[in-house]
>>> print(open('target.pdb').read())   # PDB, C-alpha atoms, pLDDT in the B column
ATOM      1  CA  ASP D 238       0.437 229.096 333.720  1.00 65.00           C
ATOM      2  CA  THR D 239      -0.653 231.455 336.484  1.00 74.00           C
ATOM      3  CA  THR D 240      -3.838 229.623 337.509  1.00 81.00           C
ATOM      4  CA  GLU D 241      -4.054 229.198 341.258  1.00 84.00           C
ATOM      5  CA  ASN D 242      -5.027 225.577 342.085  1.00 87.00           C
ATOM      6  CA  MET D 243      -4.132 225.383 345.776  1.00 87.00           C
ATOM      7  CA  LYS D 244      -4.282 227.878 348.623  1.00 90.00           C
ATOM      8  CA  ILE D 245      -2.905 227.501 352.121  1.00 90.00           C
ATOM      9  CA  ARG D 246      -4.858 229.894 354.305  1.00 91.00           C
ATOM     10  CA  ALA D 247      -3.438 231.646 357.388  1.00 92.00           C
ATOM     11  CA  THR D 248      -5.818 229.434 359.402  1.00 92.00           C
ATOM     12  CA  GLY D 249      -3.952 226.362 358.140  1.00 88.00           C
ATOM     13  CA  ASN D 250      -6.794 225.205 355.913  1.00 90.00           C
ATOM     14  CA  VAL D 251      -5.829 224.021 352.438  1.00 89.00           C
ATOM     15  CA  GLU D 252      -8.175 224.753 349.530  1.00 90.00           C
ATOM     16  CA  LEU D 253      -7.893 222.834 346.262  1.00 88.00           C
ATOM     17  CA  THR D 254      -9.619 223.636 342.983  1.00 88.00           C
ATOM     18  CA  GLN D 255      -8.928 220.112 341.669  1.00 88.00           C
ATOM     19  CA  ASN D 256      -9.024 216.571 343.101  1.00 86.00           C
ATOM     20  CA  LEU D 257      -6.461 215.333 345.599  1.00 85.00           C
ATOM     21  CA  VAL D 258      -4.986 212.213 343.959  1.00 86.00           C
ATOM     22  CA  MET D 259      -3.240 209.609 346.114  1.00 84.00           C
ATOM     23  CA  ALA D 260      -0.434 207.384 344.893  1.00 87.00           C
ATOM     24  CA  SER D 261      -1.209 203.674 344.920  1.00 84.00           C
ATOM     25  CA  GLY D 262      -1.095 202.276 348.453  1.00 79.00           C
ATOM     26  CA  LYS D 263      -1.237 205.745 350.018  1.00 85.00           C
ATOM     27  CA  GLY D 264      -4.122 207.504 351.729  1.00 86.00           C
ATOM     28  CA  ILE D 265      -5.109 209.936 354.451  1.00 86.00           C
ATOM     29  CA  ASP D 266      -3.275 209.227 357.698  1.00 85.00           C
ATOM     30  CA  PHE D 267      -5.366 209.817 360.836  1.00 83.00           C
ATOM     31  CA  SER D 268      -2.694 208.586 363.291  1.00 80.00           C
ATOM     32  CA  ALA D 269      -2.522 212.037 364.904  1.00 79.00           C
ATOM     33  CA  THR D 270      -5.985 211.296 366.312  1.00 74.00           C
ATOM     34  CA  ALA D 271      -5.065 207.860 367.708  1.00 68.00           C
ATOM     35  CA  ASP D 272      -6.969 207.072 370.880  1.00 68.00           C
ATOM     36  CA  GLY D 273      -7.093 203.411 371.828  1.00 60.00           C
ATOM     37  CA  SER D 274      -8.055 204.189 375.412  1.00 61.00           C
ATOM     38  CA  ASP D 275     -11.818 203.818 374.961  1.00 64.00           C
ATOM     39  CA  GLY D 276     -13.098 200.337 375.794  1.00 68.00           C
ATOM     40  CA  ASP D 277     -11.131 197.290 374.770  1.00 71.00           C
ATOM     41  CA  ALA D 278     -10.730 198.222 371.093  1.00 70.00           C
ATOM     42  CA  THR D 279      -7.585 197.208 369.247  1.00 74.00           C
ATOM     43  CA  MET D 280      -6.764 199.620 366.457  1.00 74.00           C
ATOM     44  CA  THR D 281      -5.453 198.020 363.262  1.00 76.00           C
ATOM     45  CA  SER D 282      -5.136 201.054 360.981  1.00 78.00           C
ATOM     46  CA  GLU D 283      -5.663 204.793 360.828  1.00 82.00           C
ATOM     47  CA  LEU D 284      -5.008 205.076 357.109  1.00 82.00           C
ATOM     48  CA  LEU D 285      -7.990 205.745 354.845  1.00 86.00           C
ATOM     49  CA  ASP D 286      -6.629 204.206 351.658  1.00 86.00           C
ATOM     50  CA  ASP D 287      -9.653 203.309 349.555  1.00 89.00           C
ATOM     51  CA  TYR D 288     -12.953 204.813 348.465  1.00 92.00           C
ATOM     52  CA  GLU D 289     -15.061 203.589 345.597  1.00 94.00           C
ATOM     53  CA  GLU D 290     -18.690 203.738 344.557  1.00 96.00           C
ATOM     54  CA  GLY D 291     -20.505 202.336 341.560  1.00 97.00           C
ATOM     55  CA  THR D 292     -23.011 199.891 340.174  1.00 97.00           C
ATOM     56  CA  TRP D 293     -23.029 196.129 339.696  1.00 96.00           C
ATOM     57  CA  THR D 294     -25.299 193.712 337.869  1.00 96.00           C
ATOM     58  CA  ALA D 295     -26.955 191.141 340.107  1.00 96.00           C
ATOM     59  CA  ALA D 296     -28.606 187.822 339.376  1.00 95.00           C
ATOM     60  CA  ALA D 297     -31.226 186.095 341.510  1.00 94.00           C
ATOM     61  CA  THR D 298     -30.806 182.334 341.681  1.00 94.00           C
ATOM     62  CA  ALA D 299     -32.634 179.426 343.200  1.00 93.00           C
ATOM     63  CA  GLY D 300     -31.500 176.004 344.376  1.00 90.00           C
ATOM     64  CA  SER D 301     -33.413 174.682 341.362  1.00 92.00           C
ATOM     65  CA  GLY D 302     -35.503 176.315 338.661  1.00 94.00           C
ATOM     66  CA  THR D 303     -34.783 179.781 337.303  1.00 94.00           C
ATOM     67  CA  ILE D 304     -35.440 183.426 338.100  1.00 95.00           C
ATOM     68  CA  THR D 305     -34.961 185.803 335.163  1.00 95.00           C
ATOM     69  CA  LEU D 306     -34.684 189.516 335.923  1.00 95.00           C
ATOM     70  CA  VAL D 307     -36.009 192.408 333.836  1.00 93.00           C
ATOM     71  CA  SER D 308     -33.258 194.098 331.826  1.00 89.00           C
ATOM     72  CA  GLY D 309     -32.269 197.052 333.990  1.00 89.00           C
ATOM     73  CA  GLY D 310     -34.080 195.488 336.950  1.00 90.00           C
ATOM     74  CA  ASP D 311     -30.799 193.914 337.986  1.00 93.00           C
ATOM     75  CA  GLU D 312     -28.614 196.989 338.525  1.00 92.00           C
ATOM     76  CA  CYS D 313     -27.503 197.515 342.106  1.00 96.00           C
ATOM     77  CA  THR D 314     -25.229 200.018 343.834  1.00 97.00           C
ATOM     78  CA  TYR D 315     -22.172 199.728 346.058  1.00 97.00           C
ATOM     79  CA  VAL D 316     -19.931 201.895 348.207  1.00 97.00           C
ATOM     80  CA  LYS D 317     -16.547 200.662 349.462  1.00 96.00           C
ATOM     81  CA  ILE D 318     -14.666 202.637 352.104  1.00 94.00           C
ATOM     82  CA  GLY D 319     -11.453 201.026 353.281  1.00 89.00           C
ATOM     83  CA  ASN D 320     -12.331 197.347 353.759  1.00 86.00           C
ATOM     84  CA  HIS D 321     -16.057 197.908 354.377  1.00 89.00           C
ATOM     85  CA  VAL D 322     -18.611 197.363 351.583  1.00 93.00           C
ATOM     86  CA  TRP D 323     -22.277 198.417 351.389  1.00 96.00           C
ATOM     87  CA  LEU D 324     -24.518 196.877 348.706  1.00 96.00           C
ATOM     88  CA  ALA D 325     -28.095 197.814 347.834  1.00 97.00           C
ATOM     89  CA  GLY D 326     -30.554 196.855 345.157  1.00 96.00           C
ATOM     90  CA  SER D 327     -34.074 196.186 344.032  1.00 95.00           C
ATOM     91  CA  LEU D 328     -34.350 193.166 341.740  1.00 95.00           C
ATOM     92  CA  ASP D 329     -37.325 192.843 339.408  1.00 95.00           C
ATOM     93  CA  PRO D 330     -38.091 189.319 338.099  1.00 94.00           C
ATOM     94  CA  SER D 331     -39.586 189.192 334.592  1.00 94.00           C
ATOM     95  CA  SER D 332     -40.219 185.434 334.656  1.00 93.00           C
ATOM     96  CA  VAL D 333     -39.691 182.401 336.836  1.00 93.00           C
ATOM     97  CA  SER D 334     -39.618 178.687 336.123  1.00 94.00           C
ATOM     98  CA  SER D 335     -40.396 176.573 339.203  1.00 92.00           C
ATOM     99  CA  PRO D 336     -37.870 178.218 341.552  1.00 91.00           C
ATOM    100  CA  SER D 337     -37.306 176.323 344.799  1.00 88.00           C
ATOM    101  CA  GLY D 338     -34.618 175.854 347.400  1.00 87.00           C
ATOM    102  CA  VAL D 339     -32.182 178.506 348.555  1.00 88.00           C
ATOM    103  CA  LEU D 340     -32.734 182.049 347.242  1.00 91.00           C
ATOM    104  CA  THR D 341     -29.454 183.883 346.555  1.00 93.00           C
ATOM    105  CA  ILE D 342     -28.271 187.110 344.952  1.00 95.00           C
ATOM    106  CA  ASP D 343     -25.146 186.581 342.849  1.00 94.00           C
ATOM    107  CA  ASN D 344     -22.318 188.673 341.377  1.00 95.00           C
ATOM    108  CA  LYS D 345     -21.530 190.908 344.366  1.00 93.00           C
ATOM    109  CA  PRO D 346     -18.546 193.093 343.427  1.00 92.00           C
ATOM    110  CA  PHE D 347     -16.226 192.166 346.330  1.00 90.00           C
ATOM    111  CA  ASP D 348     -15.838 188.625 347.663  1.00 84.00           C
ATOM    112  CA  THR D 349     -15.013 187.658 351.211  1.00 81.00           C
ATOM    113  CA  THR D 350     -12.367 185.174 352.302  1.00 69.00           C
ATOM    114  CA  GLY D 351     -11.173 183.577 355.488  1.00 61.00           C
ATOM    115  CA  GLY D 352     -12.829 181.567 358.174  1.00 57.00           C
ATOM    116  CA  GLU D 353     -14.971 182.513 361.131  1.00 59.00           C
ATOM    117  CA  GLY D 354     -14.776 186.162 362.050  1.00 59.00           C
ATOM    118  CA  GLY D 355     -15.384 189.680 360.902  1.00 57.00           C
ATOM    119  CA  HIS D 356     -15.810 189.062 357.190  1.00 68.00           C
ATOM    120  CA  ARG D 357     -19.478 188.206 357.566  1.00 79.00           C
ATOM    121  CA  GLY D 358     -22.255 190.659 356.963  1.00 86.00           C
ATOM    122  CA  VAL D 359     -25.943 191.054 357.489  1.00 87.00           C
ATOM    123  CA  GLY D 360     -28.561 193.381 356.113  1.00 90.00           C
ATOM    124  CA  HIS D 361     -32.206 193.807 355.325  1.00 90.00           C
ATOM    125  CA  CYS D 362     -34.306 192.123 352.676  1.00 90.00           C
ATOM    126  CA  MET D 363     -37.921 192.518 351.666  1.00 88.00           C
ATOM    127  CA  ILE D 364     -39.667 190.310 349.165  1.00 87.00           C
ATOM    128  CA  TYR D 365     -42.389 192.599 347.895  1.00 87.00           C
ATOM    129  CA  GLY D 366     -45.284 190.713 346.332  1.00 81.00           C
ATOM    130  CA  ALA D 367     -44.131 187.334 347.674  1.00 79.00           C
ATOM    131  CA  THR D 368     -46.320 184.366 346.744  1.00 75.00           C
ATOM    132  CA  ALA D 369     -46.744 183.589 350.471  1.00 72.00           C
ATOM    133  CA  THR D 370     -45.711 185.075 353.777  1.00 65.00           C
ATOM    134  CA  ASN D 371     -43.251 183.213 355.949  1.00 62.00           C
ATOM    135  CA  GLY D 372     -41.873 185.946 358.195  1.00 64.00           C
ATOM    136  CA  GLY D 373     -39.179 188.511 357.582  1.00 76.00           C
ATOM    137  CA  HIS D 374     -36.010 188.068 355.581  1.00 84.00           C
ATOM    138  CA  THR D 375     -32.369 188.935 356.125  1.00 85.00           C
ATOM    139  CA  ALA D 376     -29.599 189.316 353.551  1.00 89.00           C
ATOM    140  CA  MET D 377     -26.510 187.397 354.740  1.00 88.00           C
ATOM    141  CA  VAL D 378     -22.901 187.407 353.519  1.00 89.00           C
ATOM    142  CA  PHE D 379     -20.581 184.630 354.674  1.00 85.00           C
ATOM    143  CA  GLU D 380     -16.808 184.456 354.273  1.00 81.00           C
ATOM    144  CA  GLY D 381     -15.680 182.324 351.375  1.00 77.00           C
ATOM    145  CA  TYR D 382     -19.274 182.055 350.033  1.00 80.00           C
ATOM    146  CA  ALA D 383     -19.805 184.142 346.889  1.00 85.00           C
ATOM    147  CA  PRO D 384     -23.549 184.893 346.800  1.00 91.00           C
ATOM    148  CA  ILE D 385     -25.702 186.884 349.195  1.00 92.00           C
ATOM    149  CA  ARG D 386     -27.958 184.336 350.852  1.00 90.00           C
ATOM    150  CA  ILE D 387     -31.518 185.312 351.784  1.00 89.00           C
ATOM    151  CA  GLU D 388     -32.561 183.853 355.137  1.00 83.00           C
ATOM    152  CA  GLN D 389     -35.805 183.873 357.088  1.00 78.00           C
ATOM    153  CA  THR D 390     -35.575 185.841 360.311  1.00 72.00           C
ATOM    154  CA  THR D 391     -38.179 183.725 362.104  1.00 67.00           C
ATOM    155  CA  ASP D 392     -36.328 180.409 362.227  1.00 63.00           C
ATOM    156  CA  SER D 393     -32.842 180.882 360.699  1.00 58.00           C
ATOM    157  CA  ALA D 394     -33.816 178.817 357.667  1.00 61.00           C
ATOM    158  CA  ASN D 395     -33.011 179.774 354.106  1.00 67.00           C
ATOM    159  CA  ALA D 396     -35.744 181.716 352.367  1.00 67.00           C
ATOM    160  CA  GLU D 397     -37.402 179.557 349.787  1.00 78.00           C
ATOM    161  CA  ALA D 398     -37.032 180.718 346.201  1.00 87.00           C
ATOM    162  CA  ASP D 399     -40.613 179.591 345.544  1.00 85.00           C
ATOM    163  CA  LEU D 400     -41.703 182.870 347.202  1.00 85.00           C
ATOM    164  CA  ILE D 401     -40.634 184.646 343.999  1.00 88.00           C
ATOM    165  CA  ASP D 402     -42.828 185.111 340.951  1.00 88.00           C
ATOM    166  CA  ALA D 403     -42.852 187.521 338.018  1.00 90.00           C
ATOM    167  CA  GLY D 404     -44.758 190.084 340.114  1.00 85.00           C
ATOM    168  CA  SER D 405     -42.304 190.033 343.024  1.00 88.00           C
ATOM    169  CA  GLU D 406     -39.489 192.421 343.848  1.00 91.00           C
ATOM    170  CA  ILE D 407     -36.429 191.579 345.964  1.00 92.00           C
ATOM    171  CA  ARG D 408     -35.235 194.687 347.812  1.00 93.00           C
ATOM    172  CA  PHE D 409     -32.068 194.448 349.887  1.00 95.00           C
ATOM    173  CA  HIS D 410     -29.242 196.245 351.646  1.00 95.00           C
ATOM    174  CA  VAL D 411     -26.245 194.461 353.161  1.00 95.00           C
ATOM    175  CA  ASP D 412     -22.845 195.477 354.491  1.00 92.00           C
ATOM    176  CA  TYR D 413     -19.740 193.394 355.149  1.00 89.00           C
ATOM    177  CA  GLN D 414     -15.963 193.529 355.371  1.00 86.00           C
ATOM    178  CA  VAL D 415     -13.380 192.352 352.876  1.00 85.00           C
ATOM    179  CA  PRO D 416      -9.823 191.395 353.790  1.00 76.00           C
TER     180      PRO D 416
END
>>> encode(input="target.pdb", output="structure tokens")
Amino acid sequence: DTTENMKIRATGNVELTQNLVMASGKGIDFSATADGSDGDATMTSELLDDYEEGTWTAAATAGSGTITLVSGGDECTYVKIGNHVWLAGSLDPSSVSSPSGVLTIDNKPFDTTGGEGGHRGVGHCMIYGATATNGGHTAMVFEGYAPIRIEQTTDSANAEADLIDAGSEIRFHVDYQVP
């Protein structure tokens, strides 16, 4: 086969006509750019060894009662680069049955572990068409706690699931680290 799939230019640039596939556990090594002199940062890695993007199916749950989502109104997106994860979604309830207590979003694609530290995450949340207003909301991820917990930003209390009805929409974005 005489098809040219890779070119190394006189400038040093490499051009590929296909994907660059890494062996398991390998990645792009940026150690040539190491510079730990700025601030008090402690570098832990300069190897980009993971990239992934896709969709996941969420569920909205309450401390008690139920929140049922429209079919297709439960698909969310994610991007994972290295050990950092970004999640986003817009959940569309089709019916509710006396939801109350803590409002959570379940089934996130990557769990956190460990104790206090950098495996927590925070993001934005809007409850569009809420049954009442009680201030803003924040999407929170805690280490060792599977769901995304929706919290009020006004008093650090959990958002009450009774804010959700069949006409509501839960829109969120959150980012966090995995070990």
>>> residues_around(input="target.pdb", residues="Ser337 of chain D", least_positions_apart="6", cutoff="6 Å", atoms="all atoms listed in the file", output="tab-separated table (two decimals) with C-alpha atoms, keeping the file's coordinate frame")
chain	number	residue	atom	x	y	z
D	299	ALA	CA	-32.63	179.43	343.20
D	300	GLY	CA	-31.50	176.00	344.38
D	301	SER	CA	-33.41	174.68	341.36
D	397	GLU	CA	-37.40	179.56	349.79
D	398	ALA	CA	-37.03	180.72	346.20
D	399	ASP	CA	-40.61	179.59	345.54
>>> atom_distance(input="target.pdb", atom1="atom CA of Tyr288 of chain D", atom2="atom CA of Thr341 of chain D")
26.7 Å
>>> residues_around(input="target.pdb", residues="segment 310-324 of chain D", least_positions_apart="2", cutoff="7 Å", atoms="all atoms listed in the file", output="PyMOL selection string")
chain D and resi 285-296+306-308+326-329+410-416
>>> residues_around(input="target.pdb", residues="Asp343 of chain D", least_positions_apart="4", cutoff="8 Å", atoms="all atoms listed in the file", output="tab-separated table (two decimals) with C-alpha atoms, keeping the file's coordinate frame")
chain	number	residue	atom	x	y	z
D	295	ALA	CA	-26.96	191.14	340.11
D	296	ALA	CA	-28.61	187.82	339.38
D	297	ALA	CA	-31.23	186.10	341.51
D	298	THR	CA	-30.81	182.33	341.68
D	383	ALA	CA	-19.80	184.14	346.89
D	384	PRO	CA	-23.55	184.89	346.80
D	385	ILE	CA	-25.70	186.88	349.20
>>> resolve_selection(input="target.pdb", expression="the PyMOL selection byres ((chain D and resi 374) around 7)", output="ChimeraX atom specification")
/D:361-363,372-373,375-376,387-390
>>> decode(input="target.pdb", residues="segment 326-341 of chain D", atoms="N, CA, C and O atoms", output="short mmCIF file (atom, residue, chain, number, x, y, z; two decimals), in the first residue's frame")
data_model
loop_
_atom_site.label_atom_id
_atom_site.label_comp_id
_atom_site.auth_asym_id
_atom_site.auth_seq_id
_atom_site.Cartn_x
_atom_site.Cartn_y
_atom_site.Cartn_z
N GLY D 326 -26.87 18.84 32.10
CA GLY D 326 -28.13 18.26 31.72
C GLY D 326 -29.30 19.18 31.96
O GLY D 326 -29.18 20.22 32.62
N SER D 327 -30.42 18.79 31.39
CA SER D 327 -31.68 19.48 31.58
C SER D 327 -32.73 18.39 31.74
O SER D 327 -33.06 17.68 30.79
N LEU D 328 -33.20 18.21 32.96
CA LEU D 328 -34.13 17.12 33.28
C LEU D 328 -35.56 17.61 33.24
O LEU D 328 -35.88 18.67 33.79
N ASP D 329 -36.43 16.83 32.61
CA ASP D 329 -37.80 17.23 32.35
C ASP D 329 -38.78 16.26 33.03
O ASP D 329 -39.04 15.19 32.51
N PRO D 330 -39.31 16.63 34.22
CA PRO D 330 -40.25 15.74 34.90
C PRO D 330 -41.58 15.60 34.14
O PRO D 330 -42.14 16.59 33.69
N SER D 331 -42.06 14.37 34.01
CA SER D 331 -43.37 14.13 33.39
C SER D 331 -44.45 14.04 34.45
O SER D 331 -45.60 14.38 34.20
N SER D 332 -44.08 13.55 35.65
CA SER D 332 -45.04 13.47 36.75
C SER D 332 -44.28 13.44 38.07
O SER D 332 -43.12 13.07 38.12
N VAL D 333 -44.98 13.85 39.11
CA VAL D 333 -44.42 13.80 40.45
C VAL D 333 -45.49 13.25 41.39
O VAL D 333 -46.68 13.36 41.12
N SER D 334 -45.04 12.64 42.48
CA SER D 334 -45.96 12.14 43.49
C SER D 334 -45.43 12.56 44.85
O SER D 334 -44.53 11.92 45.40
N SER D 335 -45.91 13.67 45.34
CA SER D 335 -45.57 14.22 46.67
C SER D 335 -44.06 14.22 46.96
O SER D 335 -43.64 13.73 48.01
N PRO D 336 -43.23 14.77 46.07
CA PRO D 336 -41.80 14.79 46.38
C PRO D 336 -41.50 15.75 47.53
O PRO D 336 -42.08 16.84 47.61
N SER D 337 -40.64 15.33 48.44
CA SER D 337 -40.20 16.20 49.53
C SER D 337 -38.82 15.74 49.99
O SER D 337 -38.35 14.69 49.61
N GLY D 338 -38.19 16.57 50.78
CA GLY D 338 -36.86 16.23 51.27
C GLY D 338 -35.78 16.64 50.28
O GLY D 338 -35.98 17.51 49.44
N VAL D 339 -34.66 15.96 50.37
CA VAL D 339 -33.49 16.30 49.56
C VAL D 339 -33.72 15.99 48.09
O VAL D 339 -34.18 14.90 47.74
N LEU D 340 -33.41 16.94 47.21
CA LEU D 340 -33.48 16.76 45.77
C LEU D 340 -32.10 16.35 45.27
O LEU D 340 -31.11 17.03 45.55
N THR D 341 -32.00 15.20 44.59
CA THR D 341 -30.73 14.73 44.06
C THR D 341 -30.88 14.32 42.60
O THR D 341 -31.98 14.03 42.13
#
